[in-house]
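Engineer: This is the structure, below, for whatever I ask next.
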Number of protein chains: 2
Amino acid sequence: MLRLGPFAAAAARCLPAGPRLGPLCLAGSRGSFARSWPPAGDRGPLSRQVRAAAGGERLPVLKTPKGTRDHPPAQAALRDRLLSAVVSCFKRHGAAAIDTPVLELRETLVGKYGEEAKLIYELQDQGGELLALRYDLTVPFARYLAMNKITKMKRYHVAKVYRRDNPATTRGRYREFYQCDFDIAGQFDPMIPDAECLKIVHEILSDLQLGDFVIKVNDRRILNGVFAVCGVPESKFIPACTTVDKLDKLPWEEVRSEMVGEKGLSPEAADHIGEYVQLHGGLDLIEQLLQDPKLSQNKVAKEGLGDMKLLFEYLTLFGITGKISFDLSLARGLDYYTGVIFEAVLLQQENEHGEEPVSVGSVAGGGRYDGLVGMFDPKGRKVPCVGVSIGIERIFSILEQRLEASGEKLRTTETQVLVATPQKHLLAARMKLISELWDAGIKAEMLYKKDPKLLKQLQYCEDTGIPLAAIVGEQELADGVVKLRDVATRKEVDIPREKLIDEIRRRLEP
Amino acid sequence: MLRLGPFAAAAARCLPAGPRLGPLCLAGSRGSFARSWPPAGDRGPLSRQVRAAAGGERLPVLKTPKGTRDHPPAQAALRDRLLSAVVSCFKRHGAAAIDTPVLELRETLVGKYGEEAKLIYELQDQGGELLALRYDLTVPFARYLAMNKITKMKRYHVAKVYRRDNPATTRGRYREFYQCDFDIAGQFDPMIPDAECLKIVHEILSDLQLGDFVIKVNDRRILNGVFAVCGVPESKFIPACTTVDKLDKLPWEEVRSEMVGEKGLSPEAADHIGEYVQLHGGLDLIEQLLQDPKLSQNKVAKEGLGDMKLLFEYLTLFGITGKISFDLSLARGLDYYTGVIFEAVLLQQENEHGEEPVSVGSVAGGGRYDGLVGMFDPKGRKVPCVGVSIGIERIFSILEQRLEASGEKLRTTETQVLVATPQKHLLAARMKLISELWDAGIKAEMLYKKDPKLLKQLQYCEDTGIPLAAIVGEQELADGVVKLRDVATRKEVDIPREKLIDEIRRRLEP
């Protein structure tokens with residue numbers, strides 16, 4: 001679903017600071033690994049081979065494309081953990097994985113993203129089809145459903161998407177970033193799949209222990225009803241919606257003046273809208289609006305409010321209403337939403353180490369889009385869908401900063417045993433032993449030197465977090481044993497060679 | 001590493017057929033999910049909303065770009081299994097993961113792929129940097145090492161790469177495909193990391209039980225030595241190498257005529273080369289060539305042969321020489337190799353079900369490239385590297401065909417329990433119970449209907465392989481129990497509600 005840019009408006013959405021601290025916008029603070037080399041004026045002593053291979057051309061600029069970055073091992077390991085927590089929640093809810101190409105036909109993406117379409121990366125016309133990089137995972141999912149005539153499916157998809165965001169306005173917003181989407185397609189009884197999407201957001205944000213959060217919920221039908229009863233013509237529903245969407249960043253006064261100025265709404269309509277969209281609450285607010293003399297006369301608003309009531313009933317059964325806020329200011333940018341919409345926001349947190357709280361904006365979002373699949377179907381057959389996207393890039397940056405603050409070092413490898421030798425001329429012994437360990441499925445390394453010093457080998461264990469060293473020296477070979485060393489305690493025990501693998505397995509048991 | 005196209009020359013490399021069967025080229029037989037709809041002449045009864053959303057434009061063609069495909073759940077599940085087997089081998093050998101962007105600056109890729117550069121996907125110039133899609137994972141790795149001044153690293157990278165292969169010549173060759181690369185960068189003692197790469201290929205191909213295989217090994221220095229002693233001028237080493245590379249598809253006579261005709265080698269040189277490149281064997285052949293009156297006088301050939309001997313010594317310690325063939329016809333296409341090169345080929349197999357053998361070409365390959373990182377370093381500093389790429393797309397197609405032949409159905413979800421109700425008006429009971437299961441980490445589903453029939457619910461379990469059903473009816477609610485049903489045996493037991501989660505966990509223990 002196109003629900004979240006990776007750091008969309010992170011700066012603007014900074015939460016008010018706590019008593020001790022000024023407002024914090026950390027979105028742009030992530031270390032970039034892209035360094036530009038000066039254009040190679042002094043090429044230095046290139047070897048013949050290198051010169052030949054480079055074809056005598058100037059050296060390339062050493063960087064990744066603007067808005068993209070490499071993930072070195074520590075980041076890749078953290079990301080893997082995070083993604084697998086998210087995926088395991090999606091699997092807990094019975095979703096199957098699908099994958100779609102990074103490339104789509106340009107025409108598949110045309111007309112789905114409104115104004116944001118200008119951010120789509122297009123490929124050069126090299127002959128053949130005109131291609132573009134996918135902008136989200138929702139449109140490809142809708143294309144997939146229509147293409148395969150699938151009318152019912154619960155799927156997740158974790159993959160990179162691409163947005164050529166205006167570099168001038170980016171603040172830590174990446175052009176290549178992961179989306180983690182869970183969607184339920186199919187004609188079902190109202191609000192049951194929608195409630196599950198909210199449960200998923202609740203589970204993931206709770207599991208990841210990101211601190212307090214709130215999930216704002218609204219319904220496009222309620223918003224449309226509000227616009228209608230306030231006298232907005234139907235042609236201006238979408239512009240009005242886009243403007244309401246800014247209420248999380250701008251005060252009402254500014255939103256109002258945009259409505260009247262840019263969008264051409266009457267001041268009376270704007271004031272009237274203002275009375276509604278500043279409301280938020282729970283079941284009580286739903287009941288109140290259901291009694292509202294004007295809104296209760298509007299068919300779509302009434303439908304939306306009825307479903308919102310049902311949704312709250314289901315969320316009560318799931319035990320999560322404590323974190324849910326029915327918020328009429330929530331509008332969400334995209335055109336394709338047709339019903340329930342939602343967005344999760346982290347609240348200011350203090351973490352246990354007492355350092356600065358991390359402020360971020362929305363970390364999950366989604367909603368119902370019942371018309372998108374029909375846009376691809378030749379007969380316009382609809383497949384109602386509802387889905388959620390987890391804003392993994394923001395969560396990643398929080399976890400990364402938290403890890404950094406804790407001083408904890410994340411292991412980037414899983415090696416269990418280093419095979420080491422204490423004397424020279426024992427490479428063959430190391431190779432034989434490590435081969436036995438690999439064949440037994442034990443994660444093992446050795447240094448790629450013929451005769452490394454024992455100290456260097458043990459240092460390598462400490463540097464990389466390897467818990468055990470299996471040491472074969474001349475004496476051990478003669479005795480048919482291996483010295484098994486616990487790297488942390490430095491305790492060494494001779495283990496008969498034939499019992500080594502069992503002993504290693506025993507030691508590594510959780 | 002750019003070592004394998006996904007189905008490079010699969011057709012040409014078909015192995016000779018067994019006695020019972022004609023030659024089989026299955027590479028192109030994989031089902032494609034791309035179907036083209038006729039351009040929407042009859043748009044059918046589009047709803048107002050859909051028409052509005054589509055902006056009145058014609059319906060897009062329903063397909064994925066040429067040479068790409070979706071992975072529906074069954075394929076995605078199989079691919080996940082395969083990738084995790086490969087990754088767990090890489091981790092067993094102590095590699096850390098990195099990730100790099102799918103996009104690279106065009107200049108990063110320029111001059112690295114020789115003739116193949118024409119297959120690079122380029123992005124449209126939309127202002128800003130000129131970009132391209134990565135062609136392999138090796139050049140981005142070299143760029144990463146140089147950019148971060150890393151001189152020592154063992155990493156793996158599993159990701160998609162992009163090649164605009166000529167559609168006319170493709171036979172099941174994909175334009176978007178996975179590469180699974182393991183590389184060791186750093187200055188170490190000769191052949192120790194190289195031997196480990198071969199051990200990895202051996203482990204993966206053995207683990208996956210793909211049938212018999214052989215790993216061909218050669219060294220670019222030996223080939224260059226051969227060319228030199230046969231009187232080929234140094235400027236023609238690379239063209240000569242490219243031609244030798246065709247020996248796995250063409251008989252020597254044709255390769256010879258290309259050498260003499262297209263590449264302009266003298267007939268004597270070609271004949272002389274032919275004597276060498278048709279040799280293959282083991283340690284005995286290395287010894288023989290070390291005694292060869294001409295080759296033993298060539299410095300690089302001697303170096304290469306000396307290292308090859310050392311490699312065989314190490315492979316003996318790893319116990320894998322049975323599958324290794326020193327093969328002078330192995331050349332590999334790419335310019336950047338500088339030392340050892342290798343390629344694993346599956347041999348004809350009969351599988352236990354007795355159906356047609358699957359013939360495929362190379363399933364893994366790699367080699368040493370000591371000059372590539374230096375091409376990115378402003379001072380030309382070299383970081384010697386050796387690596388291996390597993391040809392996951394081919395292996396995937398073998399496993400897919402095997403699965404299909406076996407009639408076995410792979411589960412696409414991991415759901416453990418379906419929460420079901422036998423009477424109407426019990427949605428609330430289902431929602432309460434499923435919520436408890438989710439919160440306990442149990443993978444659970446329910447149907448999204450208010451009042452589904454029990455039979456439909458049980459049928460869903462059988463269709464999707466869910467092993468347990470937790471049934472709450474009016475009686476169970478009154479008794480404070482849940483009926484736990486074993487879907488396979490249909491045996492049902494009433495479990496007290498408070499013991500349900502423990503009982504489910506007990507039942508699901510492996």
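Ligands are numbered from 1 in the order shown, chains are lettered A, B, ... in the order of the structure tokens, and residues start at 1 in each chain.
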Contacts from chain B to chain A, 6 Å maximum, only C-alpha atoms: show me the residue list as a PyMOL selection string.

Structural biologist: chain B and resi 40+43-44+46+50+60+62+65+70-73+76+92-94+96-100+104-105+107-108+122-124+147+188-189+192+317-318+371+375+378-380+412-413+415+432+435+443-445+448-449

Engineer: Using DSSP assignments from the backbone, pull out every residue in stretch 280-476 of chain B that falls under helix (DSSP H, G or I) and give it to me as a PyMOL selection string.

Structural biologist: chain B and resi 283-291+295-297+299-317+321-323+373-375+392-406+427-439+454-464+474-476

Engineer: What is the distance between atom CA of B:Asp292 and atom CA of B:Glu258, in Å to one decimal?

Structural biologist: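 Interatomic distance here is 26.5 Å.
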
Engineer: Separation of atom CA of B:Leu283 and atom CA of B:Phe312, in Å?

Structural biologist: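 If I compute the distance from atom CA of B:Leu283 to atom CA of B:Phe312, I get 6.8 Å.
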
Engineer: At what distance in Å, to one decimal, does atom CA of B:Leu198 lie from atom CA of A:Val472?

Structural biologist: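 About the pair atom CA of A:Val472 and atom CA of B:Leu198: they are 23.8 Å apart.
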